[in-house]
Amino acid sequence: MKTQTRKQQKTNYVLVDDELLKTNIEVEKAYTLIVAKAMELMDKFDLPKFRTYAEIEHTKNEQNTNLIKEHLSFHWNITLSLSPKDGRSFMFIDLGLESLQKFGSGLSNQLLRHAFAVTDSHDNTKGIEYALRITFLPAEQLHNFFYRRVAEGETTYVSIHTIEKSTVEN
């Protein structure tokens with residue numbers, strides 16, 4: 001019988017050891033890089049509604065159960081969450097159908113290429129490829145959620161931002 005030598009940290013959900021904690025930190029770093037790319041891609045739009053996004057810090061919401069952070073815009077919803085089953089972090093990218101129909105697939109393709117690049121193990125190790133999940137949401141689902149967040153305004157855990165329009169053609 002093996003004895004466990006790794007340090008363990010207890011969460012509200014499961015026991016998280018050092019290896020899982022390090023992996024979750026890598027997933028959060030990837031989330032941050034993906035959100036940065038999402039914001040970079042939005043700066044070319046003329047209309048402010050296409051450059052506006054909500055940042056949601058779910059850990060500041062006492063009613064939250066497993067969500068950590070969220071980036072929500074007209075184009076996509078990027079969410080970082082924690083699995084209550086095993087303590088692993090996951091990133092979900094929900095692509096809005098209306099944005100795809102209105103602007104074509106180029107915008108979403110650039111975001112997805114970046115997301116796959118930052119989650120790829122690059123050395124055939126386990127890595128964090130498991131953590132990325134992509135879905136397509138019909139327009140009314142994503143947009144109703146986005147517009148409701150913007151209309152409700154800022155709270156202790158929601159902040160609303162509009163990216164400056166780029167003066168350089170992308």
# chains A, B, ... in the order shown; residues from 1 in each chain; ligands from 1
>>> residues_around(residues="Lys49 of chain A", least_positions_apart="5", cutoff="12 Å", atoms="only C-alpha atoms", output="PDB file with C-alpha atoms, in the first residue's frame")
ATOM      1  CA  MET A  42     -13.221  43.329 -30.286  1.00  0.00           C
ATOM      2  CA  ASP A  43     -11.348  46.633 -30.721  1.00  0.00           C
ATOM      3  CA  LYS A  44     -11.995  46.884 -34.473  1.00  0.00           C
ATOM      4  CA  ALA A  54     -18.910  42.349 -18.663  1.00  0.00           C
ATOM      5  CA  LEU A  72     -19.300  38.079 -21.449  1.00  0.00           C
ATOM      6  CA  SER A  73     -19.829  40.053 -24.666  1.00  0.00           C
ATOM      7  CA  PHE A  74     -22.034  40.214 -27.761  1.00  0.00           C
ATOM      8  CA  HIS A  75     -19.712  37.675 -29.390  1.00  0.00           C
ATOM      9  CA  SER A  99     -22.267  37.201 -33.964  1.00  0.00           C
ATOM     10  CA  HIS A 143     -27.541  37.926 -25.993  1.00  0.00           C
ATOM     11  CA  PHE A 146     -25.267  39.743 -22.048  1.00  0.00           C
ATOM     12  CA  TYR A 147     -27.884  42.503 -22.349  1.00  0.00           C
ATOM     13  CA  VAL A 150     -25.248  45.299 -19.003  1.00  0.00           C
ATOM     14  CA  ILE A 160     -18.867  46.637 -17.400  1.00  0.00           C
ATOM     15  CA  HIS A 161     -16.225  47.919 -19.837  1.00  0.00           C
ATOM     16  CA  THR A 162     -16.056  49.227 -23.395  1.00  0.00           C
ATOM     17  CA  ILE A 163     -12.827  48.737 -25.299  1.00  0.00           C
ATOM     18  CA  GLU A 164     -11.458  51.751 -27.177  1.00  0.00           C
ATOM     19  CA  LYS A 165     -11.809  51.419 -30.915  1.00  0.00           C
TER      20      LYS A 165
END
>>> closest_atom_pairs(of="segment 45-158 of chain A", to="segment 27-37 of chain A", cutoff="12 Å", atoms="only C-alpha atoms", output="JSON lines")
{"residue": "A:Tyr53", "atom": "CA", "partner": "A:Val35", "partner_atom": "CA", "distance": 10.6}
{"residue": "A:Ala54", "atom": "CA", "partner": "A:Val35", "partner_atom": "CA", "distance": 11.4}
{"residue": "A:Glu55", "atom": "CA", "partner": "A:Val35", "partner_atom": "CA", "distance": 9.9}
{"residue": "A:Ile68", "atom": "CA", "partner": "A:Glu28", "partner_atom": "CA", "distance": 9.4}
{"residue": "A:Lys69", "atom": "CA", "partner": "A:Tyr31", "partner_atom": "CA", "distance": 9.0}
{"residue": "A:Glu70", "atom": "CA", "partner": "A:Val35", "partner_atom": "CA", "distance": 9.0}
{"residue": "A:His71", "atom": "CA", "partner": "A:Val35", "partner_atom": "CA", "distance": 6.8}
{"residue": "A:Leu72", "atom": "CA", "partner": "A:Val35", "partner_atom": "CA", "distance": 9.6}
{"residue": "A:Ser73", "atom": "CA", "partner": "A:Val35", "partner_atom": "CA", "distance": 10.8}
{"residue": "A:Trp76", "atom": "CA", "partner": "A:Val35", "partner_atom": "CA", "distance": 10.2}
{"residue": "A:Asn77", "atom": "CA", "partner": "A:Val35", "partner_atom": "CA", "distance": 9.7}
{"residue": "A:Ile78", "atom": "CA", "partner": "A:Val35", "partner_atom": "CA", "distance": 7.3}
{"residue": "A:Thr79", "atom": "CA", "partner": "A:Tyr31", "partner_atom": "CA", "distance": 8.1}
{"residue": "A:Leu80", "atom": "CA", "partner": "A:Tyr31", "partner_atom": "CA", "distance": 6.8}
{"residue": "A:Ser81", "atom": "CA", "partner": "A:Glu28", "partner_atom": "CA", "distance": 9.4}
{"residue": "A:Leu82", "atom": "CA", "partner": "A:Val27", "partner_atom": "CA", "distance": 10.4}
{"residue": "A:Arg88", "atom": "CA", "partner": "A:Val27", "partner_atom": "CA", "distance": 9.1}
{"residue": "A:Ser89", "atom": "CA", "partner": "A:Val27", "partner_atom": "CA", "distance": 6.5}
{"residue": "A:Phe90", "atom": "CA", "partner": "A:Val27", "partner_atom": "CA", "distance": 7.1}
{"residue": "A:Met91", "atom": "CA", "partner": "A:Tyr31", "partner_atom": "CA", "distance": 6.7}
{"residue": "A:Phe92", "atom": "CA", "partner": "A:Tyr31", "partner_atom": "CA", "distance": 9.3}
{"residue": "A:Ile93", "atom": "CA", "partner": "A:Ile34", "partner_atom": "CA", "distance": 9.5}
{"residue": "A:Leu107", "atom": "CA", "partner": "A:Lys37", "partner_atom": "CA", "distance": 10.7}
{"residue": "A:Ser108", "atom": "CA", "partner": "A:Lys37", "partner_atom": "CA", "distance": 10.9}
{"residue": "A:Asn109", "atom": "CA", "partner": "A:Lys37", "partner_atom": "CA", "distance": 11.7}
{"residue": "A:Gln110", "atom": "CA", "partner": "A:Lys37", "partner_atom": "CA", "distance": 8.7}
{"residue": "A:Leu111", "atom": "CA", "partner": "A:Lys37", "partner_atom": "CA", "distance": 6.6}
{"residue": "A:Leu112", "atom": "CA", "partner": "A:Ile34", "partner_atom": "CA", "distance": 8.7}
{"residue": "A:Arg113", "atom": "CA", "partner": "A:Ile34", "partner_atom": "CA", "distance": 9.9}
{"residue": "A:His114", "atom": "CA", "partner": "A:Ile34", "partner_atom": "CA", "distance": 6.8}
{"residue": "A:Ala115", "atom": "CA", "partner": "A:Ile34", "partner_atom": "CA", "distance": 5.7}
{"residue": "A:Phe116", "atom": "CA", "partner": "A:Ile34", "partner_atom": "CA", "distance": 9.4}
{"residue": "A:Ala117", "atom": "CA", "partner": "A:Ala30", "partner_atom": "CA", "distance": 9.5}
{"residue": "A:Val118", "atom": "CA", "partner": "A:Ala30", "partner_atom": "CA", "distance": 5.9}
{"residue": "A:Thr119", "atom": "CA", "partner": "A:Ala30", "partner_atom": "CA", "distance": 6.5}
{"residue": "A:Asp120", "atom": "CA", "partner": "A:Ala30", "partner_atom": "CA", "distance": 10.0}
{"residue": "A:Ser121", "atom": "CA", "partner": "A:Ala30", "partner_atom": "CA", "distance": 11.6}
{"residue": "A:Gly127", "atom": "CA", "partner": "A:Val27", "partner_atom": "CA", "distance": 9.3}
{"residue": "A:Ile128", "atom": "CA", "partner": "A:Val27", "partner_atom": "CA", "distance": 6.4}
{"residue": "A:Glu129", "atom": "CA", "partner": "A:Val27", "partner_atom": "CA", "distance": 9.1}
{"residue": "A:Tyr130", "atom": "CA", "partner": "A:Val27", "partner_atom": "CA", "distance": 9.8}
{"residue": "A:Ala131", "atom": "CA", "partner": "A:Val27", "partner_atom": "CA", "distance": 7.0}
{"residue": "A:Leu132", "atom": "CA", "partner": "A:Val27", "partner_atom": "CA", "distance": 8.8}
{"residue": "A:Arg133", "atom": "CA", "partner": "A:Tyr31", "partner_atom": "CA", "distance": 11.7}
>>> residues_around(residues="Glu140 of chain A", least_positions_apart="5", cutoff="10 Å", atoms="only C-alpha atoms", output="ChimeraX atom specification")
/A:96-98,145-146
>>> select_by_dssp(residues="segment 76-157 of chain A", states="helix (DSSP H, G or I)", output="PyMOL selection string")
chain A and resi 97-103+106-119+129-131+139-152
>>> write_last_selection(atoms="N, CA, C and O atoms", output="compact mmCIF listing (two decimals), in the first residue's frame")
# COMPACT_ATOMS: atom_id res chain seq x y z
N LEU A 97 -24.44 32.66 -31.81
CA LEU A 97 -24.85 32.42 -33.18
C LEU A 97 -25.05 33.74 -33.94
O LEU A 97 -24.66 33.86 -35.10
N GLU A 98 -25.62 34.74 -33.28
CA GLU A 98 -25.88 36.01 -33.97
C GLU A 98 -24.58 36.68 -34.41
O GLU A 98 -24.49 37.22 -35.51
N SER A 99 -23.56 36.64 -33.58
CA SER A 99 -22.27 37.20 -33.96
C SER A 99 -21.68 36.44 -35.15
O SER A 99 -21.14 37.05 -36.08
N LEU A 100 -21.79 35.12 -35.13
CA LEU A 100 -21.29 34.31 -36.25
C LEU A 100 -22.03 34.66 -37.55
O LEU A 100 -21.43 34.78 -38.61
N GLN A 101 -23.35 34.83 -37.44
CA GLN A 101 -24.14 35.16 -38.63
C GLN A 101 -23.85 36.58 -39.11
O GLN A 101 -23.78 36.83 -40.31
N LYS A 102 -23.69 37.51 -38.20
CA LYS A 102 -23.49 38.92 -38.55
C LYS A 102 -22.09 39.20 -39.07
O LYS A 102 -21.92 39.96 -40.02
N PHE A 103 -21.07 38.59 -38.48
CA PHE A 103 -19.68 38.91 -38.81
C PHE A 103 -18.92 37.76 -39.46
O PHE A 103 -17.75 37.91 -39.78
N GLY A 106 -14.68 34.35 -39.05
CA GLY A 106 -13.29 34.78 -38.88
C GLY A 106 -12.95 35.20 -37.46
O GLY A 106 -11.92 34.83 -36.92
N LEU A 107 -13.82 36.00 -36.84
CA LEU A 107 -13.59 36.48 -35.48
C LEU A 107 -13.51 35.30 -34.50
O LEU A 107 -12.57 35.19 -33.72
N SER A 108 -14.50 34.42 -34.57
CA SER A 108 -14.52 33.26 -33.67
C SER A 108 -13.36 32.31 -33.96
O SER A 108 -12.77 31.75 -33.04
N ASN A 109 -13.03 32.14 -35.23
CA ASN A 109 -11.91 31.26 -35.59
C ASN A 109 -10.60 31.75 -34.98
O ASN A 109 -9.80 30.95 -34.49
N GLN A 110 -10.37 33.08 -35.00
CA GLN A 110 -9.15 33.62 -34.41
C GLN A 110 -9.10 33.35 -32.91
O GLN A 110 -8.06 32.98 -32.37
N LEU A 111 -10.24 33.53 -32.24
CA LEU A 111 -10.29 33.27 -30.80
C LEU A 111 -10.04 31.79 -30.52
O LEU A 111 -9.25 31.44 -29.64
N LEU A 112 -10.68 30.92 -31.28
CA LEU A 112 -10.52 29.48 -31.04
C LEU A 112 -9.10 29.01 -31.35
O LEU A 112 -8.56 28.19 -30.60
N ARG A 113 -8.49 29.53 -32.41
CA ARG A 113 -7.09 29.16 -32.71
C ARG A 113 -6.19 29.50 -31.53
O ARG A 113 -5.34 28.72 -31.12
N HIS A 114 -6.41 30.69 -30.98
CA HIS A 114 -5.61 31.12 -29.82
C HIS A 114 -5.89 30.22 -28.61
O HIS A 114 -4.96 29.81 -27.91
N ALA A 115 -7.16 29.93 -28.37
CA ALA A 115 -7.54 29.09 -27.23
C ALA A 115 -6.91 27.70 -27.33
O ALA A 115 -6.38 27.17 -26.35
N PHE A 116 -6.95 27.12 -28.52
CA PHE A 116 -6.33 25.80 -28.70
C PHE A 116 -4.81 25.88 -28.53
O PHE A 116 -4.21 24.97 -27.96
N ALA A 117 -4.20 26.96 -28.99
CA ALA A 117 -2.75 27.11 -28.87
C ALA A 117 -2.32 27.22 -27.40
O ALA A 117 -1.32 26.61 -27.01
N VAL A 118 -3.05 27.99 -26.59
CA VAL A 118 -2.61 28.18 -25.21
C VAL A 118 -2.97 26.99 -24.31
O VAL A 118 -2.42 26.88 -23.22
N THR A 119 -3.84 26.11 -24.76
CA THR A 119 -4.16 24.92 -23.96
C THR A 119 -3.45 23.67 -24.46
O THR A 119 -3.48 22.64 -23.80
N GLU A 129 -5.26 20.43 -22.02
CA GLU A 129 -6.16 20.35 -23.16
C GLU A 129 -7.57 19.93 -22.74
O GLU A 129 -8.56 20.36 -23.32
N TYR A 130 -7.67 19.10 -21.73
CA TYR A 130 -8.98 18.63 -21.24
C TYR A 130 -9.88 19.78 -20.80
O TYR A 130 -11.10 19.67 -20.78
N ALA A 131 -9.27 20.90 -20.40
CA ALA A 131 -10.00 21.97 -19.72
C ALA A 131 -10.82 22.85 -20.66
O ALA A 131 -11.69 23.59 -20.20
N ALA A 139 -28.61 32.75 -30.55
CA ALA A 139 -28.45 34.17 -30.25
C ALA A 139 -29.22 34.61 -29.01
O ALA A 139 -28.69 35.31 -28.16
N GLU A 140 -30.45 34.21 -28.88
CA GLU A 140 -31.25 34.72 -27.77
C GLU A 140 -30.70 34.30 -26.41
O GLU A 140 -30.78 35.05 -25.45
N GLN A 141 -30.09 33.15 -26.31
CA GLN A 141 -29.53 32.72 -25.02
C GLN A 141 -28.35 33.59 -24.61
O GLN A 141 -28.32 34.13 -23.51
N LEU A 142 -27.36 33.73 -25.46
CA LEU A 142 -26.18 34.50 -25.13
C LEU A 142 -26.51 35.98 -25.03
O LEU A 142 -26.13 36.65 -24.09
N HIS A 143 -27.26 36.49 -25.99
CA HIS A 143 -27.54 37.93 -25.99
C HIS A 143 -28.44 38.36 -24.85
O HIS A 143 -28.23 39.43 -24.28
N ASN A 144 -29.44 37.57 -24.52
CA ASN A 144 -30.28 37.94 -23.37
C ASN A 144 -29.45 38.02 -22.10
O ASN A 144 -29.61 38.93 -21.30
N PHE A 145 -28.55 37.07 -21.93
CA PHE A 145 -27.68 37.06 -20.75
C PHE A 145 -26.76 38.29 -20.77
O PHE A 145 -26.62 38.99 -19.77
N PHE A 146 -26.16 38.60 -21.92
CA PHE A 146 -25.27 39.74 -22.05
C PHE A 146 -26.02 41.06 -21.80
O PHE A 146 -25.61 41.88 -20.99
N TYR A 147 -27.14 41.25 -22.49
CA TYR A 147 -27.88 42.50 -22.35
C TYR A 147 -28.43 42.67 -20.93
O TYR A 147 -28.47 43.77 -20.40
N ARG A 148 -28.85 41.59 -20.31
CA ARG A 148 -29.34 41.68 -18.93
C ARG A 148 -28.23 42.12 -17.99
O ARG A 148 -28.42 42.99 -17.14
N ARG A 149 -27.04 41.55 -18.16
CA ARG A 149 -25.90 41.95 -17.31
C ARG A 149 -25.57 43.43 -17.49
O ARG A 149 -25.31 44.14 -16.53
N VAL A 150 -25.56 43.89 -18.74
CA VAL A 150 -25.25 45.30 -19.00
C VAL A 150 -26.34 46.20 -18.44
O VAL A 150 -26.06 47.21 -17.80
N ALA A 151 -27.60 45.83 -18.65
CA ALA A 151 -28.73 46.64 -18.15
C ALA A 151 -28.75 46.70 -16.63
O ALA A 151 -29.07 47.74 -16.04
N GLU A 152 -28.42 45.60 -15.98
CA GLU A 152 -28.40 45.58 -14.51
C GLU A 152 -27.25 46.42 -13.96
O GLU A 152 -27.29 46.85 -12.81
>>> select_by_dssp(residues="segment 13-159 of chain A", states="strand (DSSP E)", output="PyMOL selection string")
chain A and resi 15-17+52-57+67-73+76-82+89-96+132-137+158-159
>>> write_last_selection(atoms="C-alpha atoms", output="short mmCIF file (atom, residue, chain, number, x, y, z; two decimals), in the first residue's frame")
data_model
loop_
_atom_site.label_atom_id
_atom_site.label_comp_id
_atom_site.auth_asym_id
_atom_site.auth_seq_id
_atom_site.Cartn_x
_atom_site.Cartn_y
_atom_site.Cartn_z
CA LEU A 15 -9.56 17.36 -1.64
CA VAL A 16 -7.11 19.15 -3.99
CA ASP A 17 -3.46 18.10 -3.98
CA THR A 52 -18.59 46.20 -24.62
CA TYR A 53 -18.09 43.33 -22.22
CA ALA A 54 -18.91 42.35 -18.66
CA GLU A 55 -16.34 40.88 -16.29
CA ILE A 56 -17.87 38.74 -13.61
CA GLU A 57 -15.89 37.71 -10.54
CA LEU A 67 -18.06 29.47 -11.23
CA ILE A 68 -14.83 31.44 -10.82
CA LYS A 69 -14.66 34.12 -13.55
CA GLU A 70 -16.53 35.06 -16.66
CA HIS A 71 -16.03 37.32 -19.68
CA LEU A 72 -19.30 38.08 -21.45
CA SER A 73 -19.83 40.05 -24.67
CA TRP A 76 -18.99 35.07 -26.73
CA ASN A 77 -19.14 34.00 -23.12
CA ILE A 78 -15.85 32.71 -21.71
CA THR A 79 -16.19 31.07 -18.30
CA LEU A 80 -13.71 29.63 -15.83
CA SER A 81 -15.28 27.13 -13.47
CA LEU A 82 -14.37 24.51 -10.91
CA SER A 89 -10.79 23.84 -13.44
CA PHE A 90 -12.50 24.10 -16.83
CA MET A 91 -12.91 26.85 -19.42
CA PHE A 92 -16.06 27.10 -21.48
CA ILE A 93 -16.25 29.24 -24.61
CA ASP A 94 -19.82 29.76 -25.77
CA LEU A 95 -19.93 31.32 -29.23
CA GLY A 96 -23.00 33.40 -30.03
CA LEU A 132 -11.25 23.69 -22.90
CA ARG A 133 -14.90 23.19 -23.90
CA ILE A 134 -16.50 24.94 -26.90
CA THR A 135 -20.25 25.32 -27.46
CA PHE A 136 -22.48 27.33 -29.76
CA LEU A 137 -25.43 29.14 -28.23
CA VAL A 158 -19.85 42.52 -12.12
CA SER A 159 -17.98 45.26 -13.96
#
>>> atom_distance(atom1="atom CA of Asn66 of chain A", atom2="atom CA of Thr125 of chain A")
26.9 Å
>>> closest_residue(among="A:Gln63, A:Gly87, A:Glu40, A:Leu47", to="Asn24 of chain A", atoms="only C-alpha atoms")
A:Gly87
>>> atom_distance(atom1="atom CA of Lys22 of chain A", atom2="atom CA of Thr65 of chain A")
21.4 Å
>>> atom_distance(atom1="atom CA of Thr155 of chain A", atom2="atom CA of Leu21 of chain A")
29.1 Å
